[in-house]
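Undergrad: Take a look at run-v3.csv, CSV, N, CA, C and O atoms:
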```csv
chain,number,residue,atom,x,y,z
E,1,MET,N,-12.3,-9.8,7.7
E,1,MET,CA,-12.4,-8.4,8.2
E,1,MET,C,-13.8,-8.0,8.1
E,1,MET,O,-14.4,-8.0,7.0
E,2,SER,N,-14.4,-7.6,9.1
E,2,SER,CA,-15.8,-7.2,9.1
E,2,SER,C,-15.9,-5.8,8.5
E,2,SER,O,-15.0,-5.0,8.4
E,3,HIS,N,-17.1,-5.5,8.0
E,3,HIS,CA,-17.3,-4.1,7.4
E,3,HIS,C,-17.1,-3.0,8.5
E,3,HIS,O,-16.5,-2.0,8.2
E,4,ALA,N,-17.5,-3.3,9.7
E,4,ALA,CA,-17.2,-2.3,10.8
E,4,ALA,C,-15.7,-2.1,11.0
E,4,ALA,O,-15.3,-0.9,11.2
E,5,GLU,N,-15.0,-3.1,10.9
E,5,GLU,CA,-13.5,-3.0,11.1
E,5,GLU,C,-12.9,-2.2,9.9
E,5,GLU,O,-12.0,-1.4,10.1
E,6,LYS,N,-13.4,-2.4,8.7
E,6,LYS,CA,-12.9,-1.7,7.5
E,6,LYS,C,-13.2,-0.2,7.6
E,6,LYS,O,-12.4,0.6,7.3
E,7,SER,N,-14.4,0.2,8.0
E,7,SER,CA,-14.8,1.6,7.9
E,7,SER,C,-14.5,2.4,9.2
E,7,SER,O,-13.9,3.4,9.1
E,8,SER,N,-15.0,1.9,10.3
E,8,SER,CA,-14.9,2.7,11.5
E,8,SER,C,-13.6,2.6,12.2
E,8,SER,O,-13.1,3.6,12.8
E,9,ASP,N,-13.0,1.4,12.2
E,9,ASP,CA,-11.7,1.2,12.9
E,9,ASP,C,-10.5,1.3,12.0
E,9,ASP,O,-9.4,1.3,12.5
E,10,GLY,N,-10.7,1.4,10.8
E,10,GLY,CA,-9.6,1.4,9.8
E,10,GLY,C,-9.1,2.7,9.5
E,10,GLY,O,-9.7,3.8,9.7
E,11,VAL,N,-7.9,2.7,8.9
E,11,VAL,CA,-7.3,3.9,8.4
E,11,VAL,C,-6.9,3.7,6.9
E,11,VAL,O,-6.9,2.6,6.4
E,12,ARG,N,-6.7,4.8,6.2
E,12,ARG,CA,-6.3,4.8,4.8
E,12,ARG,C,-5.0,5.4,4.7
E,12,ARG,O,-4.7,6.5,5.2
E,13,LEU,N,-4.1,4.7,4.0
E,13,LEU,CA,-2.7,5.2,3.7
E,13,LEU,C,-2.7,5.6,2.2
E,13,LEU,O,-3.0,4.8,1.4
E,14,ASN,N,-2.3,6.8,2.0
E,14,ASN,CA,-2.0,7.3,0.6
E,14,ASN,C,-0.5,7.5,0.6
E,14,ASN,O,0.1,8.4,1.3
E,15,ALA,N,0.3,6.7,-0.2
E,15,ALA,CA,1.7,6.8,-0.3
E,15,ALA,C,2.2,7.0,-1.7
E,15,ALA,O,1.6,6.3,-2.6
E,16,VAL,N,3.2,7.8,-1.9
E,16,VAL,CA,3.9,7.8,-3.2
E,16,VAL,C,5.3,7.4,-2.9
E,16,VAL,O,6.0,8.0,-2.1
E,17,VAL,N,5.7,6.4,-3.6
E,17,VAL,CA,7.0,5.8,-3.4
E,17,VAL,C,7.9,6.2,-4.6
E,17,VAL,O,7.6,5.9,-5.8
E,18,THR,N,9.1,6.8,-4.3
E,18,THR,CA,10.0,7.2,-5.4
E,18,THR,C,11.3,6.4,-5.3
E,18,THR,O,11.6,5.8,-4.3
E,19,GLY,N,12.0,6.4,-6.4
E,19,GLY,CA,13.2,5.7,-6.6
E,19,GLY,C,13.1,4.8,-7.8
E,19,GLY,O,12.4,5.1,-8.8
E,20,VAL,N,13.8,3.7,-7.8
E,20,VAL,CA,13.7,2.7,-8.9
E,20,VAL,C,12.6,1.7,-8.5
E,20,VAL,O,12.9,0.7,-7.9
E,21,VAL,N,11.4,2.0,-8.8
E,21,VAL,CA,10.3,1.2,-8.4
E,21,VAL,C,9.3,0.8,-9.5
E,21,VAL,O,8.3,0.3,-9.2
E,22,GLN,N,9.7,1.1,-10.7
E,22,GLN,CA,8.9,0.6,-11.9
E,22,GLN,C,9.7,-0.4,-12.6
E,22,GLN,O,10.9,-0.2,-12.8
E,23,GLY,N,9.1,-1.5,-13.1
E,23,GLY,CA,9.8,-2.5,-13.9
E,23,GLY,C,10.6,-3.4,-13.1
E,23,GLY,O,11.5,-4.1,-13.6
E,24,VAL,N,10.4,-3.5,-11.7
E,24,VAL,CA,11.2,-4.3,-10.8
E,24,VAL,C,10.3,-5.2,-10.0
E,24,VAL,O,10.7,-5.8,-9.0
E,25,GLY,N,9.0,-5.3,-10.3
E,25,GLY,CA,8.1,-6.2,-9.5
E,25,GLY,C,7.6,-5.5,-8.3
E,25,GLY,O,7.0,-6.1,-7.4
E,26,PHE,N,7.7,-4.2,-8.2
E,26,PHE,CA,7.4,-3.5,-7.0
E,26,PHE,C,5.9,-3.5,-6.7
E,26,PHE,O,5.4,-3.9,-5.6
E,27,ARG,N,5.0,-3.3,-7.7
E,27,ARG,CA,3.6,-3.3,-7.5
E,27,ARG,C,3.1,-4.7,-7.1
E,27,ARG,O,2.3,-4.9,-6.2
E,28,TYR,N,3.6,-5.7,-7.8
E,28,TYR,CA,3.2,-7.1,-7.5
E,28,TYR,C,3.6,-7.5,-6.1
E,28,TYR,O,2.8,-8.1,-5.4
E,29,ARG,N,4.8,-7.2,-5.7
E,29,ARG,CA,5.3,-7.6,-4.4
E,29,ARG,C,4.5,-6.8,-3.3
E,29,ARG,O,4.3,-7.3,-2.2
E,30,THR,N,4.2,-5.6,-3.6
E,30,THR,CA,3.4,-4.8,-2.7
E,30,THR,C,2.1,-5.4,-2.5
E,30,THR,O,1.5,-5.5,-1.4
E,31,MET,N,1.5,-5.8,-3.6
E,31,MET,CA,0.1,-6.5,-3.5
E,31,MET,C,0.2,-7.7,-2.7
E,31,MET,O,-0.6,-8.0,-1.8
E,32,LEU,N,1.3,-8.6,-2.9
E,32,LEU,CA,1.4,-9.8,-2.1
E,32,LEU,C,1.6,-9.5,-0.6
E,32,LEU,O,0.9,-10.1,0.3
E,33,LYS,N,2.4,-8.5,-0.3
E,33,LYS,CA,2.6,-8.1,1.1
E,33,LYS,C,1.2,-7.6,1.7
E,33,LYS,O,0.9,-7.9,2.8
E,34,ALA,N,0.5,-6.7,1.0
E,34,ALA,CA,-0.8,-6.2,1.4
E,34,ALA,C,-1.8,-7.3,1.7
E,34,ALA,O,-2.5,-7.3,2.7
E,35,GLN,N,-1.8,-8.3,0.7
E,35,GLN,CA,-2.7,-9.4,0.9
E,35,GLN,C,-2.3,-10.2,2.1
E,35,GLN,O,-3.2,-10.7,2.9
E,36,ASP,N,-1.0,-10.4,2.4
E,36,ASP,CA,-0.6,-11.1,3.5
E,36,ASP,C,-1.0,-10.4,4.8
E,36,ASP,O,-1.3,-11.1,5.8
E,37,LEU,N,-1.0,-9.1,4.8
E,37,LEU,CA,-1.5,-8.3,5.9
E,37,LEU,C,-3.0,-8.1,6.0
E,37,LEU,O,-3.5,-7.4,6.9
E,38,GLN,N,-3.7,-8.7,5.0
E,38,GLN,CA,-5.2,-8.6,4.9
E,38,GLN,C,-5.6,-7.2,4.7
E,38,GLN,O,-6.6,-6.7,5.3
E,39,LEU,N,-4.9,-6.4,3.9
E,39,LEU,CA,-5.3,-5.0,3.6
E,39,LEU,C,-5.9,-5.0,2.2
E,39,LEU,O,-5.7,-5.8,1.3
E,40,LEU,N,-6.7,-3.9,2.0
E,40,LEU,CA,-7.4,-3.6,0.8
E,40,LEU,C,-6.7,-2.4,0.1
E,40,LEU,O,-6.2,-1.6,0.8
E,41,GLY,N,-6.8,-2.3,-1.2
E,41,GLY,CA,-6.3,-1.1,-1.8
E,41,GLY,C,-5.8,-1.3,-3.2
E,41,GLY,O,-6.2,-2.3,-3.9
E,42,GLU,N,-4.8,-0.5,-3.6
E,42,GLU,CA,-4.2,-0.6,-5.0
E,42,GLU,C,-2.8,0.0,-5.0
E,42,GLU,O,-2.5,0.8,-4.2
E,43,ALA,N,-2.1,-0.5,-6.0
E,43,ALA,CA,-0.8,0.1,-6.3
E,43,ALA,C,-0.8,0.3,-7.8
E,43,ALA,O,-1.2,-0.5,-8.6
E,44,ARG,N,-0.3,1.5,-8.2
E,44,ARG,CA,-0.3,1.9,-9.6
E,44,ARG,C,0.9,2.7,-9.9
E,44,ARG,O,1.4,3.5,-9.1
E,45,ASN,N,1.5,2.5,-11.2
E,45,ASN,CA,2.6,3.3,-11.6
E,45,ASN,C,2.1,4.7,-12.0
E,45,ASN,O,1.0,4.9,-12.5
E,46,LEU,N,2.9,5.7,-11.6
E,46,LEU,CA,2.6,7.1,-12.0
E,46,LEU,C,3.5,7.5,-13.1
E,46,LEU,O,4.6,7.0,-13.3
E,47,ASP,N,3.1,8.6,-13.9
E,47,ASP,CA,3.9,9.0,-15.1
E,47,ASP,C,5.3,9.5,-14.7
E,47,ASP,O,6.1,9.4,-15.6
E,48,ASP,N,5.5,9.9,-13.5
E,48,ASP,CA,6.8,10.4,-13.2
E,48,ASP,C,7.8,9.4,-12.7
E,48,ASP,O,8.9,9.6,-12.3
E,49,GLY,N,7.4,8.1,-12.8
E,49,GLY,CA,8.3,7.0,-12.4
E,49,GLY,C,8.1,6.5,-11.0
E,49,GLY,O,8.7,5.5,-10.6
E,50,SER,N,7.2,7.1,-10.3
E,50,SER,CA,6.9,6.7,-8.9
E,50,SER,C,5.8,5.8,-8.9
E,50,SER,O,5.2,5.5,-9.9
E,51,VAL,N,5.5,5.2,-7.7
E,51,VAL,CA,4.3,4.3,-7.6
E,51,VAL,C,3.4,4.8,-6.5
E,51,VAL,O,3.9,5.2,-5.4
E,52,SER,N,2.1,4.9,-6.8
E,52,SER,CA,1.1,5.2,-5.8
E,52,SER,C,0.6,4.0,-5.1
E,52,SER,O,0.3,3.0,-5.8
E,53,VAL,N,0.6,4.0,-3.8
E,53,VAL,CA,0.0,2.9,-3.0
E,53,VAL,C,-1.1,3.5,-2.1
E,53,VAL,O,-0.8,4.4,-1.3
E,54,ILE,N,-2.3,3.0,-2.3
E,54,ILE,CA,-3.4,3.4,-1.4
E,54,ILE,C,-3.9,2.1,-0.8
E,54,ILE,O,-4.1,1.1,-1.4
E,55,THR,N,-3.9,2.1,0.6
E,55,THR,CA,-4.4,0.9,1.3
E,55,THR,C,-5.2,1.2,2.5
E,55,THR,O,-5.0,2.3,3.1
E,56,GLU,N,-6.1,0.3,2.8
E,56,GLU,CA,-7.0,0.5,4.0
E,56,GLU,C,-7.0,-0.7,4.8
E,56,GLU,O,-6.9,-1.8,4.3
E,57,GLY,N,-7.1,-0.5,6.1
E,57,GLY,CA,-7.3,-1.6,7.1
E,57,GLY,C,-7.0,-1.2,8.5
E,57,GLY,O,-6.8,0.0,8.7
E,58,PRO,N,-6.8,-2.1,9.4
E,58,PRO,CA,-6.5,-1.8,10.8
E,58,PRO,C,-5.1,-1.0,10.8
E,58,PRO,O,-4.2,-1.3,10.1
E,59,ALA,N,-5.1,0.0,11.7
E,59,ALA,CA,-3.9,0.9,11.7
E,59,ALA,C,-2.6,0.2,11.9
E,59,ALA,O,-1.6,0.5,11.2
E,60,ARG,N,-2.5,-0.8,12.7
E,60,ARG,CA,-1.2,-1.5,12.9
E,60,ARG,C,-0.8,-2.3,11.6
E,60,ARG,O,0.4,-2.3,11.3
E,61,ARG,N,-1.7,-2.8,10.9
E,61,ARG,CA,-1.4,-3.5,9.7
E,61,ARG,C,-1.0,-2.5,8.6
E,61,ARG,O,-0.1,-2.8,7.8
E,62,VAL,N,-1.7,-1.4,8.5
E,62,VAL,CA,-1.3,-0.4,7.5
E,62,VAL,C,0.1,0.1,7.8
E,62,VAL,O,0.9,0.3,6.9
E,63,ARG,N,0.4,0.4,9.1
E,63,ARG,CA,1.8,0.8,9.5
E,63,ARG,C,2.8,-0.3,9.2
E,63,ARG,O,3.9,0.1,8.8
E,64,ALA,N,2.4,-1.5,9.3
E,64,ALA,CA,3.4,-2.6,8.9
E,64,ALA,C,3.7,-2.5,7.4
E,64,ALA,O,4.9,-2.7,7.0
E,65,LEU,N,2.7,-2.3,6.6
E,65,LEU,CA,3.0,-2.1,5.2
E,65,LEU,C,3.8,-0.9,4.9
E,65,LEU,O,4.8,-1.0,4.1
E,66,LEU,N,3.6,0.2,5.6
E,66,LEU,CA,4.4,1.4,5.4
E,66,LEU,C,5.8,1.1,5.8
E,66,LEU,O,6.7,1.5,5.0
E,67,GLU,N,6.0,0.4,6.9
E,67,GLU,CA,7.4,0.1,7.3
E,67,GLU,C,8.1,-0.8,6.2
E,67,GLU,O,9.2,-0.7,5.9
E,68,TRP,N,7.3,-1.8,5.6
E,68,TRP,CA,7.8,-2.6,4.6
E,68,TRP,C,8.2,-1.8,3.4
E,68,TRP,O,9.3,-2.1,2.8
E,69,LEU,N,7.4,-0.9,3.0
E,69,LEU,CA,7.7,0.0,1.8
E,69,LEU,C,9.0,0.7,2.0
E,69,LEU,O,9.7,0.9,1.0
E,70,ARG,N,9.3,1.0,3.2
E,70,ARG,CA,10.6,1.8,3.5
E,70,ARG,C,11.8,0.8,3.7
E,70,ARG,O,12.9,1.3,3.9
E,71,SER,N,11.5,-0.5,3.8
E,71,SER,CA,12.6,-1.4,4.1
E,71,SER,C,13.4,-1.9,2.9
E,71,SER,O,13.0,-1.7,1.8
E,72,SER,N,14.4,-2.6,3.2
E,72,SER,CA,15.2,-3.2,2.1
E,72,SER,C,14.5,-4.4,1.5
E,72,SER,O,15.0,-4.9,0.5
E,73,GLU,N,13.4,-4.9,2.1
E,73,GLU,CA,12.7,-6.0,1.6
E,73,GLU,C,11.9,-5.6,0.3
E,73,GLU,O,11.6,-6.5,-0.5
E,74,ALA,N,11.5,-4.3,0.2
E,74,ALA,CA,10.8,-3.9,-0.9
E,74,ALA,C,11.6,-4.0,-2.2
E,74,ALA,O,12.8,-3.7,-2.1
E,75,PRO,N,11.1,-4.4,-3.3
E,75,PRO,CA,11.9,-4.6,-4.5
E,75,PRO,C,12.3,-3.2,-5.1
E,75,PRO,O,11.8,-2.2,-4.8
E,76,GLY,N,13.4,-3.3,-5.9
E,76,GLY,CA,13.9,-2.0,-6.5
E,76,GLY,C,14.7,-1.3,-5.5
E,76,GLY,O,15.4,-1.9,-4.7
E,77,ARG,N,14.7,0.0,-5.7
E,77,ARG,CA,15.5,0.9,-4.8
E,77,ARG,C,14.6,2.0,-4.3
E,77,ARG,O,14.4,3.0,-5.1
E,78,VAL,N,14.0,2.0,-3.2
E,78,VAL,CA,13.1,3.0,-2.7
E,78,VAL,C,14.0,4.2,-2.2
E,78,VAL,O,14.9,4.0,-1.3
E,79,GLU,N,13.8,5.3,-2.7
E,79,GLU,CA,14.5,6.5,-2.3
E,79,GLU,C,13.7,7.4,-1.3
E,79,GLU,O,14.2,8.1,-0.5
E,80,GLY,N,12.3,7.3,-1.4
E,80,GLY,CA,11.5,8.0,-0.5
E,80,GLY,C,10.1,7.5,-0.5
E,80,GLY,O,9.6,7.0,-1.5
E,81,VAL,N,9.4,7.8,0.6
E,81,VAL,CA,8.0,7.5,0.7
E,81,VAL,C,7.3,8.7,1.3
E,81,VAL,O,7.6,9.1,2.5
E,82,GLU,N,6.4,9.3,0.6
E,82,GLU,CA,5.6,10.4,1.1
E,82,GLU,C,4.3,9.9,1.4
E,82,GLU,O,3.6,9.3,0.5
E,83,GLU,N,3.8,10.0,2.6
E,83,GLU,CA,2.6,9.4,3.0
E,83,GLU,C,1.7,10.3,3.8
E,83,GLU,O,2.1,11.3,4.4
E,84,SER,N,0.4,10.0,3.7
E,84,SER,CA,-0.6,10.6,4.6
E,84,SER,C,-1.6,9.5,5.0
E,84,SER,O,-1.9,8.6,4.3
E,85,ILE,N,-2.1,9.7,6.2
E,85,ILE,CA,-3.0,8.7,6.8
E,85,ILE,C,-4.3,9.4,7.2
E,85,ILE,O,-4.2,10.5,7.8
E,86,SER,N,-5.4,8.8,6.8
E,86,SER,CA,-6.7,9.4,7.1
E,86,SER,C,-7.7,8.3,7.5
E,86,SER,O,-7.3,7.1,7.5
E,87,ALA,N,-8.9,8.6,7.7
E,87,ALA,CA,-9.9,7.6,8.0
E,87,ALA,C,-10.2,6.7,6.8
E,87,ALA,O,-10.2,7.2,5.6
E,88,ALA,N,-10.4,5.4,7.0
E,88,ALA,CA,-10.7,4.6,5.8
E,88,ALA,C,-12.0,5.0,5.2
E,88,ALA,O,-12.9,5.5,5.9
E,89,GLN,N,-12.1,4.8,3.9
E,89,GLN,CA,-13.3,5.2,3.2
E,89,GLN,C,-14.2,4.0,2.8
E,89,GLN,O,-15.3,4.1,2.3
E,90,GLY,N,-13.6,2.8,2.9
E,90,GLY,CA,-14.3,1.6,2.6
E,90,GLY,C,-14.6,1.4,1.1
E,90,GLY,O,-15.5,0.8,0.7
E,91,SER,N,-13.7,2.0,0.2
E,91,SER,CA,-13.9,1.9,-1.2
E,91,SER,C,-13.2,0.8,-1.9
E,91,SER,O,-13.3,0.7,-3.2
E,92,PHE,N,-12.6,-0.1,-1.2
E,92,PHE,CA,-11.9,-1.3,-1.9
E,92,PHE,C,-12.5,-2.6,-1.4
E,92,PHE,O,-12.8,-2.7,-0.3
E,93,SER,N,-12.5,-3.6,-2.3
E,93,SER,CA,-13.0,-4.9,-1.9
E,93,SER,C,-11.8,-5.9,-2.0
E,93,SER,O,-12.0,-7.1,-1.6
E,94,SER,N,-10.6,-5.5,-2.5
E,94,SER,CA,-9.5,-6.4,-2.5
E,94,SER,C,-8.3,-5.5,-2.7
E,94,SER,O,-8.4,-4.3,-2.6
E,95,PHE,N,-7.1,-6.1,-2.9
E,95,PHE,CA,-5.9,-5.3,-3.2
E,95,PHE,C,-5.5,-5.6,-4.6
E,95,PHE,O,-5.4,-6.8,-5.0
E,96,ARG,N,-5.3,-4.6,-5.5
E,96,ARG,CA,-5.0,-4.9,-6.9
E,96,ARG,C,-3.9,-3.9,-7.4
E,96,ARG,O,-3.7,-2.9,-6.8
E,97,THR,N,-3.4,-4.3,-8.5
E,97,THR,CA,-2.4,-3.5,-9.2
E,97,THR,C,-3.0,-3.0,-10.5
E,97,THR,O,-3.8,-3.6,-11.1
E,98,HIS,N,-2.5,-1.8,-10.9
E,98,HIS,CA,-2.9,-1.2,-12.2
E,98,HIS,C,-1.6,-0.9,-13.0
E,98,HIS,O,-0.6,-0.6,-12.5
```
Show me the file's structure as structure tokens.
TA:
Amino acid sequence: MSHAEKSSDGVRLNAVVTGVVQGVGFRYRTMLKAQDLQLLGEARNLDDGSVSVITEGPARRVRALLEWLRSSEAPGRVEGVEESISAAQGSFSSFRTH
């Protein structure tokens, strides 16, 4: 992915995933899916039991990850995904978990 594709053509997804999503491999599997889609970003547990997913890349790939987060393929039991999409900021060099 070129730098131009990351910053000018890309979008940033900020998502908070609720349900049974901690302690079930959710962040790791999300990282693998994001890497498969060649997306950059991070997944981290939040104190309230939800998981924050921030990812950047081409809009169609970001939408594919969002659809996966809402699907039965995602580990655990996703009860909701609250998301916002904005312009990519180019602040990630890989996809990682925290």
Undergrad: Between atom C of Val81 of chain E and atom CA of Asp36 of chain E, what distance in Å does the model show, to one decimal?
TA: 21.4 Å
Undergrad: Rounded to one decimal in Å, what is the spacing between atom O of Gly49 of chain E and atom CA of Gly10 of chain E?
TA: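 So the two atoms, atom O of Gly49 of chain E and atom CA of Gly10 of chain E, lie 27.7 Å apart.
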Undergrad: Which centre and which edge lengths, in Å to one decimal, describe the axis-aligned box that holds all listed atoms of segment 38-44 of chain E after 3 Å is added on each side, as JSON?
TA:
```
{"center_x": -3.0, "center_y": -2.6, "center_z": -2.3, "size_x": 14.8, "size_y": 18.2, "size_z": 21.2}
```
Undergrad: Compare E:Gly23, E:Val62, E:Val53, E:Gly90 by their minimum atom-to-atom distance to Gln38 of chain E, counting only N, CA, C and O atoms, and give me the closest one.
TA: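 Nearest to Gln38 of chain E: E:Val62.
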Undergrad: Which one of E:Val11, E:Glu73, E:Asp47, E:Thr55 sits closest to Arg29 of chain E if you count all atoms listed in the file?
TA: E:Glu73
Undergrad: Determine, counting only C-alpha atoms, which protein, DNA and RNA residues have an atom within 9 Å of an atom of Thr97 of chain E; residues of the same chain fewer than 5 positions away are not included. Present the result as a PyMOL selection string.
TA: chain E and resi 27-28+30-31+41-45
Undergrad: Please produce a file of the residues just selected, as a PDB file, keeping the file's coordinate frame, where the atoms kept are N, CA, C and O atoms.
TA:
```
ATOM      1  N   ARG E  27       5.000  -3.300  -7.700  1.00  0.00           N
ATOM      2  CA  ARG E  27       3.600  -3.300  -7.500  1.00  0.00           C
ATOM      3  C   ARG E  27       3.100  -4.700  -7.100  1.00  0.00           C
ATOM      4  O   ARG E  27       2.300  -4.900  -6.200  1.00  0.00           O
ATOM      5  N   TYR E  28       3.600  -5.700  -7.800  1.00  0.00           N
ATOM      6  CA  TYR E  28       3.200  -7.100  -7.500  1.00  0.00           C
ATOM      7  C   TYR E  28       3.600  -7.500  -6.100  1.00  0.00           C
ATOM      8  O   TYR E  28       2.800  -8.100  -5.400  1.00  0.00           O
ATOM      9  N   THR E  30       4.200  -5.600  -3.600  1.00  0.00           N
ATOM     10  CA  THR E  30       3.400  -4.800  -2.700  1.00  0.00           C
ATOM     11  C   THR E  30       2.100  -5.400  -2.500  1.00  0.00           C
ATOM     12  O   THR E  30       1.500  -5.500  -1.400  1.00  0.00           O
ATOM     13  N   MET E  31       1.500  -5.800  -3.600  1.00  0.00           N
ATOM     14  CA  MET E  31       0.100  -6.500  -3.500  1.00  0.00           C
ATOM     15  C   MET E  31       0.200  -7.700  -2.700  1.00  0.00           C
ATOM     16  O   MET E  31      -0.600  -8.000  -1.800  1.00  0.00           O
ATOM     17  N   GLY E  41      -6.800  -2.300  -1.200  1.00  0.00           N
ATOM     18  CA  GLY E  41      -6.300  -1.100  -1.800  1.00  0.00           C
ATOM     19  C   GLY E  41      -5.800  -1.300  -3.200  1.00  0.00           C
ATOM     20  O   GLY E  41      -6.200  -2.300  -3.900  1.00  0.00           O
ATOM     21  N   GLU E  42      -4.800  -0.500  -3.600  1.00  0.00           N
ATOM     22  CA  GLU E  42      -4.200  -0.600  -5.000  1.00  0.00           C
ATOM     23  C   GLU E  42      -2.800   0.000  -5.000  1.00  0.00           C
ATOM     24  O   GLU E  42      -2.500   0.800  -4.200  1.00  0.00           O
ATOM     25  N   ALA E  43      -2.100  -0.500  -6.000  1.00  0.00           N
ATOM     26  CA  ALA E  43      -0.800   0.100  -6.300  1.00  0.00           C
ATOM     27  C   ALA E  43      -0.800   0.300  -7.800  1.00  0.00           C
ATOM     28  O   ALA E  43      -1.200  -0.500  -8.600  1.00  0.00           O
ATOM     29  N   ARG E  44      -0.300   1.500  -8.200  1.00  0.00           N
ATOM     30  CA  ARG E  44      -0.300   1.900  -9.600  1.00  0.00           C
ATOM     31  C   ARG E  44       0.900   2.700  -9.900  1.00  0.00           C
ATOM     32  O   ARG E  44       1.400   3.500  -9.100  1.00  0.00           O
ATOM     33  N   ASN E  45       1.500   2.500 -11.200  1.00  0.00           N
ATOM     34  CA  ASN E  45       2.600   3.300 -11.600  1.00  0.00           C
ATOM     35  C   ASN E  45       2.100   4.700 -12.000  1.00  0.00           C
ATOM     36  O   ASN E  45       1.000   4.900 -12.500  1.00  0.00           O
TER      37      ASN E  45
END
```
Undergrad: Considering all atoms listed in the file, can you say which of E:Phe26, E:Arg61, E:Val20, E:Ala87 comes closest to Leu39 of chain E?
TA: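 Under the stated criterion, the closest residue is E:Arg61.
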Undergrad: Please indicate the distance in Å from atom N of Phe95 of chain E to atom CA of Pro75 of chain E, rounded to one decimal place.
TA: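 Calculated distance between atom N of Phe95 of chain E and atom CA of Pro75 of chain E is 19.1 Å.
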Undergrad: May I have all residues of segment 2-52 of chain E that DSSP, computed from the backbone, assigns to alpha helix (DSSP H), given as a list in words?
TA: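 For segment 2-52 of chain E, the alpha helix (DSSP H) set is His3, Ala4, Glu5, Lys6, Ser7, Phe26, Arg27, Tyr28, Arg29, Thr30, Met31, Leu32, Lys33, Ala34, Gln35 and Asp36 of chain E.
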Undergrad: Please produce a file of the residues just selected, as an mmCIF file, keeping the file's coordinate frame, where the atoms kept are N, CA, C and O atoms.
TA:
```
data_model
loop_
_atom_site.group_PDB
_atom_site.id
_atom_site.type_symbol
_atom_site.label_atom_id
_atom_site.label_comp_id
_atom_site.auth_asym_id
_atom_site.auth_seq_id
_atom_site.Cartn_x
_atom_site.Cartn_y
_atom_site.Cartn_z
ATOM 1 N N HIS E 3 -17.100 -5.500 8.000
ATOM 2 C CA HIS E 3 -17.300 -4.100 7.400
ATOM 3 C C HIS E 3 -17.100 -3.000 8.500
ATOM 4 O O HIS E 3 -16.500 -2.000 8.200
ATOM 5 N N ALA E 4 -17.500 -3.300 9.700
ATOM 6 C CA ALA E 4 -17.200 -2.300 10.800
ATOM 7 C C ALA E 4 -15.700 -2.100 11.000
ATOM 8 O O ALA E 4 -15.300 -0.900 11.200
ATOM 9 N N GLU E 5 -15.000 -3.100 10.900
ATOM 10 C CA GLU E 5 -13.500 -3.000 11.100
ATOM 11 C C GLU E 5 -12.900 -2.200 9.900
ATOM 12 O O GLU E 5 -12.000 -1.400 10.100
ATOM 13 N N LYS E 6 -13.400 -2.400 8.700
ATOM 14 C CA LYS E 6 -12.900 -1.700 7.500
ATOM 15 C C LYS E 6 -13.200 -0.200 7.600
ATOM 16 O O LYS E 6 -12.400 0.600 7.300
ATOM 17 N N SER E 7 -14.400 0.200 8.000
ATOM 18 C CA SER E 7 -14.800 1.600 7.900
ATOM 19 C C SER E 7 -14.500 2.400 9.200
ATOM 20 O O SER E 7 -13.900 3.400 9.100
ATOM 21 N N PHE E 26 7.700 -4.200 -8.200
ATOM 22 C CA PHE E 26 7.400 -3.500 -7.000
ATOM 23 C C PHE E 26 5.900 -3.500 -6.700
ATOM 24 O O PHE E 26 5.400 -3.900 -5.600
ATOM 25 N N ARG E 27 5.000 -3.300 -7.700
ATOM 26 C CA ARG E 27 3.600 -3.300 -7.500
ATOM 27 C C ARG E 27 3.100 -4.700 -7.100
ATOM 28 O O ARG E 27 2.300 -4.900 -6.200
ATOM 29 N N TYR E 28 3.600 -5.700 -7.800
ATOM 30 C CA TYR E 28 3.200 -7.100 -7.500
ATOM 31 C C TYR E 28 3.600 -7.500 -6.100
ATOM 32 O O TYR E 28 2.800 -8.100 -5.400
ATOM 33 N N ARG E 29 4.800 -7.200 -5.700
ATOM 34 C CA ARG E 29 5.300 -7.600 -4.400
ATOM 35 C C ARG E 29 4.500 -6.800 -3.300
ATOM 36 O O ARG E 29 4.300 -7.300 -2.200
ATOM 37 N N THR E 30 4.200 -5.600 -3.600
ATOM 38 C CA THR E 30 3.400 -4.800 -2.700
ATOM 39 C C THR E 30 2.100 -5.400 -2.500
ATOM 40 O O THR E 30 1.500 -5.500 -1.400
ATOM 41 N N MET E 31 1.500 -5.800 -3.600
ATOM 42 C CA MET E 31 0.100 -6.500 -3.500
ATOM 43 C C MET E 31 0.200 -7.700 -2.700
ATOM 44 O O MET E 31 -0.600 -8.000 -1.800
ATOM 45 N N LEU E 32 1.300 -8.600 -2.900
ATOM 46 C CA LEU E 32 1.400 -9.800 -2.100
ATOM 47 C C LEU E 32 1.600 -9.500 -0.600
ATOM 48 O O LEU E 32 0.900 -10.100 0.300
ATOM 49 N N LYS E 33 2.400 -8.500 -0.300
ATOM 50 C CA LYS E 33 2.600 -8.100 1.100
ATOM 51 C C LYS E 33 1.200 -7.600 1.700
ATOM 52 O O LYS E 33 0.900 -7.900 2.800
ATOM 53 N N ALA E 34 0.500 -6.700 1.000
ATOM 54 C CA ALA E 34 -0.800 -6.200 1.400
ATOM 55 C C ALA E 34 -1.800 -7.300 1.700
ATOM 56 O O ALA E 34 -2.500 -7.300 2.700
ATOM 57 N N GLN E 35 -1.800 -8.300 0.700
ATOM 58 C CA GLN E 35 -2.700 -9.400 0.900
ATOM 59 C C GLN E 35 -2.300 -10.200 2.100
ATOM 60 O O GLN E 35 -3.200 -10.700 2.900
ATOM 61 N N ASP E 36 -1.000 -10.400 2.400
ATOM 62 C CA ASP E 36 -0.600 -11.100 3.500
ATOM 63 C C ASP E 36 -1.000 -10.400 4.800
ATOM 64 O O ASP E 36 -1.300 -11.100 5.800
#
```
Undergrad: From the DSSP assignment of the backbone, select every residue of chain E that is strand (DSSP E), and format the answer as a ChimeraX atom specification.
TA: /E:10-20,40-45,51-58,77-87,95-97
Undergrad: Using all atoms listed in the file, determine which residues lie at most 7 Å from Glu82 of chain E, disregarding the query and same-chain residues fewer than 4 positions distant; provide the list as a ChimeraX atom specification.
TA: /E:14-18,53
